[in-house]
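File shown: query.pdb. Contents: PDB, C-alpha atoms.
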ATOM      1  CA  MET S 133     -35.689 180.539 -65.998
ATOM      2  CA  LYS S 134     -37.914 177.481 -66.277
ATOM      3  CA  ARG S 135     -37.446 176.598 -62.585
ATOM      4  CA  LYS S 136     -38.183 180.182 -61.563
ATOM      5  CA  ALA S 137     -41.398 180.111 -63.546
ATOM      6  CA  MET S 138     -42.439 176.853 -61.891
ATOM      7  CA  ASP S 139     -41.751 178.335 -58.431
ATOM      8  CA  GLY S 140     -43.972 181.260 -59.280
ATOM      9  CA  ARG S 141     -46.868 178.862 -59.911
ATOM     10  CA  LEU S 142     -46.621 177.152 -56.485
ATOM     11  CA  GLY S 143     -49.643 177.569 -54.248
ATOM     12  CA  PRO S 144     -49.536 178.413 -50.509
ATOM     13  CA  LYS S 145     -49.642 174.758 -49.436
ATOM     14  CA  GLU S 146     -46.815 173.780 -51.790
ATOM     15  CA  LYS S 147     -44.679 176.720 -50.586
ATOM     16  CA  ALA S 148     -45.281 175.713 -46.957
ATOM     17  CA  ARG S 149     -44.225 172.132 -47.704
ATOM     18  CA  CYS S 150     -41.080 173.396 -49.424
ATOM     19  CA  ALA S 151     -40.235 175.603 -46.430
ATOM     20  CA  THR S 152     -40.746 172.695 -44.019
ATOM     21  CA  ALA S 153     -38.616 170.411 -46.185
ATOM     22  CA  SER S 154     -35.859 173.044 -46.287
ATOM     23  CA  SER S 155     -35.970 173.421 -42.502
ATOM     24  CA  ASN S 156     -35.866 169.651 -41.985
ATOM     25  CA  THR S 157     -33.001 169.316 -44.463
ATOM     26  CA  PHE S 158     -30.943 171.899 -42.532
ATOM     27  CA  SER S 159     -31.679 170.132 -39.237
ATOM     28  CA  ALA S 160     -30.598 166.856 -40.796
ATOM     29  CA  PHE S 161     -27.248 168.369 -41.763
ATOM     30  CA  PHE S 162     -26.786 169.842 -38.255
ATOM     31  CA  PRO S 163     -28.370 167.266 -35.904
ATOM     32  CA  PHE S 164     -27.363 168.955 -32.634
ATOM     33  CA  PRO S 165     -28.996 167.714 -29.431
ATOM     34  CA  LEU S 166     -31.075 170.520 -27.945
ATOM     35  CA  GLU S 167     -28.789 170.757 -24.897
ATOM     36  CA  ILE S 168     -25.733 171.406 -27.091
ATOM     37  CA  LEU S 169     -27.624 173.873 -29.272
ATOM     38  CA  GLU S 170     -28.757 175.768 -26.179
ATOM     39  CA  GLU S 171     -25.187 175.873 -24.856
ATOM     40  CA  ILE S 172     -23.981 177.288 -28.175
ATOM     41  CA  PHE S 173     -26.626 180.005 -28.049
ATOM     42  CA  LEU S 174     -25.711 180.829 -24.455
ATOM     43  CA  ASN S 175     -22.205 181.665 -25.641
ATOM     44  CA  LEU S 176     -23.265 183.876 -28.532
ATOM     45  CA  PRO S 177     -24.147 187.591 -28.285
ATOM     46  CA  PRO S 178     -27.862 187.783 -27.387
ATOM     47  CA  ASP S 179     -28.720 190.123 -30.275
ATOM     48  CA  GLN S 180     -27.313 187.599 -32.769
ATOM     49  CA  VAL S 181     -29.323 184.811 -31.157
ATOM     50  CA  VAL S 182     -32.584 186.731 -31.623
ATOM     51  CA  CYS S 183     -31.906 188.402 -34.975
ATOM     52  CA  ILE S 184     -30.046 185.608 -36.791
ATOM     53  CA  CYS S 185     -30.164 182.192 -35.125
ATOM     54  CA  GLN S 186     -33.925 181.955 -34.799
ATOM     55  CA  LEU S 187     -34.284 182.488 -38.564
ATOM     56  CA  VAL S 188     -32.180 179.461 -39.510
ATOM     57  CA  CYS S 189     -34.729 176.684 -39.012
ATOM     58  CA  ARG S 190     -37.714 175.633 -36.931
ATOM     59  CA  GLN S 191     -35.607 173.729 -34.368
ATOM     60  CA  TRP S 192     -33.337 176.707 -33.752
ATOM     61  CA  LYS S 193     -36.329 179.051 -33.403
ATOM     62  CA  GLU S 194     -37.902 176.758 -30.791
ATOM     63  CA  VAL S 195     -34.696 176.868 -28.744
ATOM     64  CA  VAL S 196     -34.397 180.658 -29.091
ATOM     65  CA  ASP S 197     -38.015 181.078 -27.989
ATOM     66  CA  SER S 198     -37.693 178.699 -25.042
ATOM     67  CA  GLU S 199     -37.987 179.925 -21.456
ATOM     68  CA  THR S 200     -35.079 177.728 -20.325
ATOM     69  CA  LEU S 201     -32.567 179.489 -22.625
ATOM     70  CA  TRP S 202     -33.288 182.991 -21.266
ATOM     71  CA  ARG S 203     -33.769 181.854 -17.698
ATOM     72  CA  GLU S 204     -30.326 180.249 -17.795
ATOM     73  CA  ARG S 205     -28.847 183.335 -19.450
ATOM     74  CA  CYS S 206     -30.229 185.469 -16.604
ATOM     75  CA  ARG S 207     -28.710 183.096 -14.048
ATOM     76  CA  ARG S 208     -25.270 183.125 -15.677
ATOM     77  CA  GLU S 209     -25.150 186.898 -16.048
ATOM     78  CA  GLY S 210     -26.421 187.595 -12.545
ATOM     79  CA  TYR S 211     -29.873 189.006 -13.333
ATOM     80  CA  HIS S 212     -31.875 187.808 -10.346
ATOM     81  CA  LEU S 213     -35.474 188.363  -9.303
ATOM     82  CA  ARG S 214     -35.849 190.646  -6.299
ATOM     83  CA  ASN S 215     -38.934 188.686  -5.294
ATOM     84  CA  ALA S 216     -38.634 184.971  -6.061
ATOM     85  CA  SER S 217     -42.411 184.550  -5.825
ATOM     86  CA  LYS S 218     -42.963 186.837  -8.836
ATOM     87  CA  ILE S 219     -42.021 184.980 -12.003
ATOM     88  CA  PRO S 220     -41.677 186.885 -15.312
ATOM     89  CA  ARG S 221     -44.171 186.000 -18.002
ATOM     90  CA  ASP S 222     -41.458 186.559 -20.602
ATOM     91  CA  TRP S 223     -37.912 185.647 -19.547
ATOM     92  CA  ARG S 224     -36.435 186.982 -22.780
ATOM     93  CA  LEU S 225     -37.988 190.402 -22.151
ATOM     94  CA  PHE S 226     -36.802 190.300 -18.534
ATOM     95  CA  TYR S 227     -33.260 189.482 -19.699
ATOM     96  CA  PHE S 228     -33.033 192.318 -22.237
ATOM     97  CA  LEU S 229     -34.547 194.887 -19.854
ATOM     98  CA  CYS S 230     -31.990 193.900 -17.215
ATOM     99  CA  LYS S 231     -29.137 194.005 -19.720
ATOM    100  CA  LYS S 232     -30.080 197.428 -21.075
ATOM    101  CA  ARG S 233     -30.938 198.884 -17.690
ATOM    102  CA  ARG S 234     -28.932 202.004 -16.877
ATOM    103  CA  ASN S 235     -29.380 205.560 -15.730
ATOM    104  CA  LEU S 236     -30.675 207.563 -18.700
ATOM    105  CA  LEU S 237     -29.796 210.906 -17.073
ATOM    106  CA  LYS S 238     -26.444 212.475 -17.882
ATOM    107  CA  ASN S 239     -24.214 213.806 -15.096
ATOM    108  CA  PRO S 240     -26.623 212.935 -12.244
ATOM    109  CA  ARG S 241     -24.182 213.774  -9.417
ATOM    110  CA  GLY S 242     -22.557 216.995 -10.614
ATOM    111  CA  GLU S 243     -19.242 215.281 -11.347
ATOM    112  CA  GLN S 244     -19.092 217.228 -14.631
ATOM    113  CA  ASP S 245     -20.300 220.516 -13.160
ATOM    114  CA  LEU S 246     -23.661 221.407 -14.792
ATOM    115  CA  ASN S 247     -22.992 219.725 -18.155
ATOM    116  CA  GLY S 248     -25.951 217.842 -19.580
ATOM    117  CA  TRP S 249     -28.552 219.934 -17.746
ATOM    118  CA  GLN S 250     -30.754 222.692 -19.129
ATOM    119  CA  ILE S 251     -30.934 225.523 -16.592
ATOM    120  CA  LEU S 252     -34.525 226.756 -16.388
ATOM    121  CA  GLU S 253     -34.155 229.055 -13.392
ATOM    122  CA  ASN S 254     -30.909 230.281 -11.861
ATOM    123  CA  GLY S 255     -31.998 232.550  -9.021
ATOM    124  CA  GLY S 256     -30.067 234.060  -6.141
ATOM    125  CA  ASP S 257     -26.384 233.250  -6.415
ATOM    126  CA  ARG S 258     -27.206 230.620  -9.089
ATOM    127  CA  TRP S 259     -26.698 226.860  -9.130
ATOM    128  CA  GLU S 260     -23.492 225.587  -7.565
ATOM    129  CA  VAL S 261     -21.777 222.183  -7.436
ATOM    130  CA  ASP S 262     -20.170 221.277  -4.123
ATOM    131  CA  GLY S 263     -18.975 218.314  -2.082
ATOM    132  CA  ILE S 264     -21.591 216.565   0.068
ATOM    133  CA  ARG S 265     -21.933 217.735   3.685
ATOM    134  CA  VAL S 266     -23.196 214.452   5.176
ATOM    135  CA  PRO S 267     -22.469 210.896   3.955
ATOM    136  CA  HIS S 268     -24.764 209.568   1.236
ATOM    137  CA  PRO S 269     -26.086 205.950   1.479
ATOM    138  CA  ASP S 270     -24.030 205.254  -1.650
ATOM    139  CA  GLU S 271     -20.412 205.925  -0.665
ATOM    140  CA  SER S 272     -19.473 206.624  -4.291
ATOM    141  CA  VAL S 273     -21.617 209.790  -4.245
ATOM    142  CA  GLN S 274     -19.307 212.655  -3.289
ATOM    143  CA  LYS S 275     -20.813 215.690  -5.026
ATOM    144  CA  ASN S 276     -24.187 217.438  -5.178
ATOM    145  CA  PHE S 277     -25.969 220.336  -6.841
ATOM    146  CA  VAL S 278     -26.772 223.228  -4.467
ATOM    147  CA  THR S 279     -29.515 225.858  -4.813
ATOM    148  CA  SER S 280     -29.549 229.461  -3.629
ATOM    149  CA  TYR S 281     -32.018 231.975  -2.120
ATOM    150  CA  PHE S 282     -34.254 232.337  -5.209
ATOM    151  CA  MET S 283     -35.639 229.450  -7.242
ATOM    152  CA  CYS S 284     -33.129 227.229  -9.039
ATOM    153  CA  ARG S 285     -34.561 224.661 -11.458
ATOM    154  CA  LYS S 286     -32.915 222.418 -14.094
ATOM    155  CA  SER S 287     -34.087 219.792 -16.555
ATOM    156  CA  GLN S 288     -33.135 217.007 -18.966
ATOM    157  CA  LEU S 289     -35.089 215.627 -21.933
ATOM    158  CA  ILE S 290     -34.542 211.925 -22.657
ATOM    159  CA  ASP S 291     -35.158 210.701 -26.217
ATOM    160  CA  LEU S 292     -36.115 207.045 -25.697
ATOM    161  CA  GLU S 293     -35.507 205.948 -29.294
ATOM    162  CA  LYS S 294     -31.985 207.411 -29.228
ATOM    163  CA  GLU S 295     -31.399 205.481 -26.001
ATOM    164  CA  GLY S 296     -32.322 202.189 -27.735
ATOM    165  CA  TYR S 297     -36.010 201.873 -26.819
ATOM    166  CA  ASN S 298     -37.869 201.997 -30.139
ATOM    167  CA  PRO S 299     -41.527 203.056 -30.419
ATOM    168  CA  SER S 300     -42.940 199.580 -31.112
ATOM    169  CA  PHE S 301     -41.144 198.186 -28.057
ATOM    170  CA  MET S 302     -42.410 200.965 -25.782
ATOM    171  CA  ASP S 303     -45.981 200.687 -27.090
ATOM    172  CA  HIS S 304     -46.191 196.896 -26.931
ATOM    173  CA  PHE S 305     -44.414 196.132 -23.654
ATOM    174  CA  GLN S 306     -44.795 199.419 -21.746
ATOM    175  CA  PRO S 307     -41.912 198.564 -19.366
ATOM    176  CA  ASP S 308     -41.775 200.187 -15.943
ATOM    177  CA  ILE S 309     -40.064 203.583 -15.808
ATOM    178  CA  LYS S 310     -38.434 204.103 -12.425
ATOM    179  CA  ILE S 311     -37.585 207.571 -11.097
ATOM    180  CA  SER S 312     -35.261 208.303  -8.173
ATOM    181  CA  ASP S 313     -33.848 211.521  -6.728
ATOM    182  CA  TRP S 314     -31.975 212.336  -3.501
ATOM    183  CA  TYR S 315     -32.240 215.640  -1.630
ATOM    184  CA  SER S 316     -30.891 217.065   1.624
ATOM    185  CA  GLN S 317     -30.956 220.371   3.473
ATOM    186  CA  ARG S 318     -28.532 222.263   5.667
ATOM    187  CA  THR S 319     -29.443 222.058   9.356
ATOM    188  CA  ASP S 320     -29.005 225.795   9.853
ATOM    189  CA  CYS S 321     -31.373 226.923   7.063
ATOM    190  CA  GLY S 322     -34.867 225.962   5.892
ATOM    191  CA  SER S 323     -35.330 224.956   2.254
ATOM    192  CA  GLN S 324     -37.781 223.593  -0.297
ATOM    193  CA  TYR S 325     -37.529 220.845  -2.919
ATOM    194  CA  GLU S 326     -39.558 220.255  -6.085
ATOM    195  CA  ILE S 327     -39.611 217.531  -8.761
ATOM    196  CA  ARG S 328     -41.669 216.995 -11.896
ATOM    197  CA  VAL S 329     -41.255 214.077 -14.309
ATOM    198  CA  GLU S 330     -43.314 213.844 -17.502
ATOM    199  CA  LEU S 331     -43.762 211.041 -20.014
ATOM    200  CA  LEU S 332     -44.198 212.781 -23.377
ATOM    201  CA  ASN S 333     -45.548 211.741 -26.772
ATOM    202  CA  GLN S 334     -43.993 212.468 -30.177
ATOM    203  CA  ARG S 335     -45.191 216.088 -29.995
ATOM    204  CA  LYS S 336     -43.695 216.381 -26.504
ATOM    205  CA  ARG S 337     -47.103 216.612 -24.875
ATOM    206  CA  PRO S 338     -47.638 214.896 -21.505
ATOM    207  CA  VAL S 339     -49.000 211.355 -21.458
ATOM    208  CA  GLN S 340     -48.509 210.923 -17.717
ATOM    209  CA  THR S 341     -46.953 213.174 -15.050
ATOM    210  CA  PHE S 342     -45.430 212.696 -11.604
ATOM    211  CA  ALA S 343     -45.499 216.003  -9.708
ATOM    212  CA  PRO S 344     -45.752 215.583  -5.928
ATOM    213  CA  GLU S 345     -46.351 218.510  -3.624
ATOM    214  CA  THR S 346     -43.424 220.767  -2.808
ATOM    215  CA  VAL S 347     -41.376 219.466   0.134
ATOM    216  CA  TYR S 348     -40.602 222.051   2.832
ATOM    217  CA  LEU S 349     -37.794 221.379   5.303
ATOM    218  CA  LYS S 350     -37.572 223.477   8.449
ATOM    219  CA  GLN S 351     -34.521 225.125   9.951
ATOM    220  CA  TRP S 352     -32.802 222.845  12.485
ATOM    221  CA  ASP S 353     -34.299 219.670  10.962
ATOM    222  CA  GLU S 354     -31.834 216.787  10.863
ATOM    223  CA  GLU S 355     -29.380 217.031   7.981
ATOM    224  CA  LYS S 356     -29.750 213.737   6.080
ATOM    225  CA  TRP S 357     -30.346 212.391   2.585
ATOM    226  CA  ILE S 358     -33.950 211.626   1.627
ATOM    227  CA  GLN S 359     -34.931 209.649  -1.482
ATOM    228  CA  MET S 360     -37.862 210.540  -3.726
ATOM    229  CA  THR S 361     -39.053 207.619  -5.893
ATOM    230  CA  HIS S 362     -41.828 206.858  -8.350
ATOM    231  CA  VAL S 363     -42.585 204.090 -10.880
ATOM    232  CA  PHE S 364     -44.628 204.763 -14.021
ATOM    233  CA  GLN S 365     -46.690 201.697 -14.989
ATOM    234  CA  ASN S 366     -49.427 200.946 -17.542
ATOM    235  CA  TYR S 367     -49.035 204.403 -19.076
ATOM    236  CA  GLY S 368     -50.403 203.425 -22.487
ATOM    237  CA  PRO S 369     -48.912 203.726 -25.988
ATOM    238  CA  GLY S 370     -47.225 206.790 -27.412
ATOM    239  CA  VAL S 371     -44.445 207.541 -24.908
ATOM    240  CA  ARG S 372     -41.371 208.793 -26.797
ATOM    241  CA  TYR S 373     -39.608 211.159 -24.367
ATOM    242  CA  ILE S 374     -39.119 211.660 -20.642
ATOM    243  CA  ARG S 375     -38.663 215.149 -19.209
ATOM    244  CA  PHE S 376     -37.030 215.219 -15.753
ATOM    245  CA  THR S 377     -37.147 218.545 -13.877
ATOM    246  CA  HIS S 378     -36.190 219.350 -10.283
ATOM    247  CA  GLY S 379     -34.935 222.163  -8.115
ATOM    248  CA  GLY S 380     -35.618 224.308  -5.061
ATOM    249  CA  LYS S 381     -34.211 227.107  -2.931
ATOM    250  CA  ASP S 382     -33.619 228.136   0.664
ATOM    251  CA  THR S 383     -36.595 229.643   2.483
ATOM    252  CA  GLN S 384     -34.713 232.278   4.487
ATOM    253  CA  PHE S 385     -33.171 234.257   1.606
ATOM    254  CA  TRP S 386     -29.584 233.937   2.788
ATOM    255  CA  ALA S 387     -26.888 234.995   0.334
ATOM    256  CA  GLY S 388     -24.779 232.097  -0.897
ATOM    257  CA  TRP S 389     -25.800 228.445  -1.209
ATOM    258  CA  TYR S 390     -27.993 227.456   1.720
ATOM    259  CA  GLY S 391     -30.819 225.927  -0.350
ATOM    260  CA  ILE S 392     -31.772 222.331  -1.077
ATOM    261  CA  ARG S 393     -28.988 219.992  -2.158
ATOM    262  CA  ILE S 394     -29.690 217.386  -4.880
ATOM    263  CA  THR S 395     -27.718 214.424  -6.217
ATOM    264  CA  ASP S 396     -27.760 210.913  -7.728
ATOM    265  CA  SER S 397     -30.881 211.538  -9.830
ATOM    266  CA  CYS S 398     -31.937 208.526 -11.892
ATOM    267  CA  VAL S 399     -34.352 207.453 -14.653
ATOM    268  CA  GLU S 400     -34.351 203.761 -15.583
ATOM    269  CA  ILE S 401     -36.361 201.502 -17.898
ATOM    270  CA  CYS S 402     -36.827 198.186 -16.088
ATOM    271  CA  SER S 403     -38.935 195.073 -15.701
ATOM    272  CA  ALA S 404     -41.905 195.072 -13.347
ATOM    273  CA  MET S 405     -40.105 192.227 -11.558
ATOM    274  CA  ASP S 406     -37.149 194.516 -10.895
ATOM    275  CA  SER S 407     -38.621 197.957 -10.177
TER     276      SER S 407
END

Render the structure in this file as structure tokens.
Amino acid sequence: MKRKAMDGRLGPKEKARCATASSNTFSAFFPFPLEILEEIFLNLPPDQVVCICQLVCRQWKEVVDSETLWRERCRREGYHLRNASKIPRDWRLFYFLCKKRRNLLKNPRGEQDLNGWQILENGGDRWEVDGIRVPHPDESVQKNFVTSYFMCRKSQLIDLEKEGYNPSFMDHFQPDIKISDWYSQRTDCGSQYEIRVELLNQRKRPVQTFAPETVYLKQWDEEKWIQMTHVFQNYGPGVRYIRFTHGGKDTQFWAGWYGIRITDSCVEICSAMDS
């Protein structure tokens, strides 16, 4: 009790000296060369390195915060810069964005029928899932969603916090949000394609929107896959959700499924160096 009372009377300077002495004492007990300490950290799960190791002592924190540790981790795990002339300002951020990067849309190719999608419009003979008619640039893509003779439109709402991107992270770093969608028509029938992607705040109100003009494809145009892409950057604080909506129809009102074909839709959170 007496010692506790004395601790309570310590001023800021005395507390700082005690903390420094404690840190130095720990380092004295574990006098690892920095190279060995870095190698140890490189073989530990990255979340433990950030959340636990950097709290141990000043020396460990300096290693955890060092550029060399995260640059080497990127090299070992195969996270490379697409443009070697553009160097990340924060290698740790670059590493974690690369590690967490994935498609946030569910069932983007129709491999699970229409599961995961909210059907907004289901005109004509309704949405259909079918095999692709012409080869896709990605050979693993073998299915697509097909529209009919009246408007077909579907949507997904992505909750960023549930996907592991908490509000403080999104507000502070504002990582790039990359959108991609592939569409194709039938040669024998004209069609139209639409896409709208919205970054939404907590009340699900738009912060920023990507909504290009409707694409019209004429009958007898070449049947091929075309990619629609967009990158959201510097969108400001407050983004909590992403709403992805796309669809289309045929323009000749033929019964069946002669409308636009869509597949391999994608929404990714990524580094500006990798978008």

field: Atomic separation - CA of Lys238 in chain S relative to CA of Thr279 in chain S, Å
entry: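 Rounded to one decimal, the two atoms are 19.0 Å apart.
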
message: Please enumerate the residues selected by the PyMOL selection byres ((chain S and resi 240) around 12) when evaluated against the supplied file, formatted as a PyMOL selection string.
response: chain S and resi 235-239+241-249+261+273-277+286-288+312-314+376+378+394-399

- request: Could you list the residues chosen by the PyMOL selection byres ((chain S and resi 340) around 8) in this structure as a PyMOL selection string?
  value: chain S and resi 330-332+338-339+341-342+367

- prompt: How would you write, as a list in words, the residues chosen by the PyMOL selection byres ((chain S and resi 349) around 7) on this structure?
  reply: Gly322, Ser323, Gln324, Val347, Tyr348, Lys350, Gln351 and Asp353 of chain S

field: Contacts of Asp197 in chain S within 12 Å, all atoms listed in the file, excl. fewer than 5 positions in-chain, as a ChimeraX atom specification
entry: /S:170,173,181-183,185-187,190-192,202-203,222-225

Once you add 5 Å to each side, what are the centre and edge lengths of the axis-aligned box holding all listed atoms of range 193-196 of chain S? One decimal in Å, as lines of an AutoDock Vina configuration file, if you can.
center_x = -36.1
center_y = 178.7
center_z = -31.1
size_x = 13.5
size_y = 13.9
size_z = 14.7

Given all atoms listed in the file as the counted atoms, nearest of S:Met283, S:Leu176, S:Arg335, S:Cys189 to Asp257 in chain S: S:Met283

Give me range 235-245 of chain S with all heavy atoms filled in, as a compact mmCIF listing (two decimals), in the frame of the given file.
# COMPACT_ATOMS: atom_id res chain seq x y z
N ASN S 235 -28.85 204.23 -16.00
CA ASN S 235 -29.38 205.56 -15.73
C ASN S 235 -29.38 206.37 -17.03
O ASN S 235 -28.33 206.57 -17.65
CB ASN S 235 -28.53 206.26 -14.67
CG ASN S 235 -29.16 207.56 -14.18
OD1 ASN S 235 -30.19 208.00 -14.67
ND2 ASN S 235 -28.53 208.18 -13.20
N LEU S 236 -30.56 206.82 -17.45
CA LEU S 236 -30.68 207.56 -18.70
C LEU S 236 -30.37 209.05 -18.54
O LEU S 236 -30.30 209.77 -19.53
CB LEU S 236 -32.09 207.39 -19.27
CG LEU S 236 -32.49 205.93 -19.58
CD1 LEU S 236 -33.91 205.87 -20.13
CD2 LEU S 236 -31.51 205.28 -20.55
N LEU S 237 -30.17 209.52 -17.30
CA LEU S 237 -29.80 210.91 -17.07
C LEU S 237 -28.28 211.07 -17.18
O LEU S 237 -27.52 210.21 -16.73
CB LEU S 237 -30.25 211.37 -15.69
CG LEU S 237 -31.76 211.53 -15.49
CD1 LEU S 237 -32.05 211.85 -14.03
CD2 LEU S 237 -32.32 212.62 -16.40
N LYS S 238 -27.87 212.16 -17.77
CA LYS S 238 -26.44 212.48 -17.88
C LYS S 238 -26.01 213.29 -16.66
O LYS S 238 -26.74 214.14 -16.17
CB LYS S 238 -26.18 213.27 -19.16
CG LYS S 238 -26.71 212.61 -20.44
CD LYS S 238 -26.01 211.28 -20.72
CE LYS S 238 -26.39 210.74 -22.10
NZ LYS S 238 -27.76 210.16 -22.14
N ASN S 239 -24.81 213.02 -16.19
CA ASN S 239 -24.21 213.81 -15.10
C ASN S 239 -25.17 213.95 -13.90
O ASN S 239 -25.49 215.06 -13.47
CB ASN S 239 -23.81 215.19 -15.63
CG ASN S 239 -23.03 216.02 -14.63
OD1 ASN S 239 -22.35 215.48 -13.73
ND2 ASN S 239 -23.13 217.33 -14.74
N PRO S 240 -25.62 212.85 -13.31
CA PRO S 240 -26.62 212.94 -12.24
C PRO S 240 -26.09 213.41 -10.89
O PRO S 240 -26.88 213.76 -10.01
CB PRO S 240 -27.12 211.49 -12.14
CG PRO S 240 -25.94 210.67 -12.56
CD PRO S 240 -25.28 211.46 -13.66
N ARG S 241 -24.76 213.43 -10.72
CA ARG S 241 -24.18 213.77 -9.42
C ARG S 241 -23.37 215.06 -9.42
O ARG S 241 -22.73 215.40 -8.43
CB ARG S 241 -23.29 212.63 -8.93
CG ARG S 241 -24.00 211.29 -8.83
CD ARG S 241 -23.02 210.20 -8.46
NE ARG S 241 -23.67 208.90 -8.31
CZ ARG S 241 -23.03 207.77 -7.99
NH1 ARG S 241 -21.71 207.80 -7.80
NH2 ARG S 241 -23.70 206.64 -7.88
N GLY S 242 -23.33 215.76 -10.55
CA GLY S 242 -22.56 217.00 -10.61
C GLY S 242 -21.07 216.77 -10.79
O GLY S 242 -20.28 217.69 -10.59
N GLU S 243 -20.67 215.57 -11.18
CA GLU S 243 -19.24 215.28 -11.35
C GLU S 243 -18.66 216.00 -12.56
O GLU S 243 -17.45 216.10 -12.71
CB GLU S 243 -19.04 213.77 -11.45
CG GLU S 243 -19.38 213.03 -10.14
CD GLU S 243 -19.53 211.54 -10.32
OE1 GLU S 243 -19.81 211.12 -11.47
OE2 GLU S 243 -19.38 210.81 -9.32
N GLN S 244 -19.54 216.45 -13.47
CA GLN S 244 -19.09 217.23 -14.63
C GLN S 244 -19.73 218.63 -14.59
O GLN S 244 -20.24 219.12 -15.57
CB GLN S 244 -19.49 216.50 -15.92
CG GLN S 244 -18.76 215.18 -16.09
CD GLN S 244 -19.60 214.13 -16.81
OE1 GLN S 244 -20.62 214.45 -17.41
NE2 GLN S 244 -19.17 212.90 -16.75
N ASP S 245 -19.71 219.19 -13.39
CA ASP S 245 -20.30 220.52 -13.16
C ASP S 245 -21.78 220.48 -13.54
O ASP S 245 -22.50 219.62 -13.06
CB ASP S 245 -19.52 221.58 -13.94
CG ASP S 245 -19.76 222.98 -13.36
OD1 ASP S 245 -19.76 223.11 -12.12
OD2 ASP S 245 -19.97 223.91 -14.14
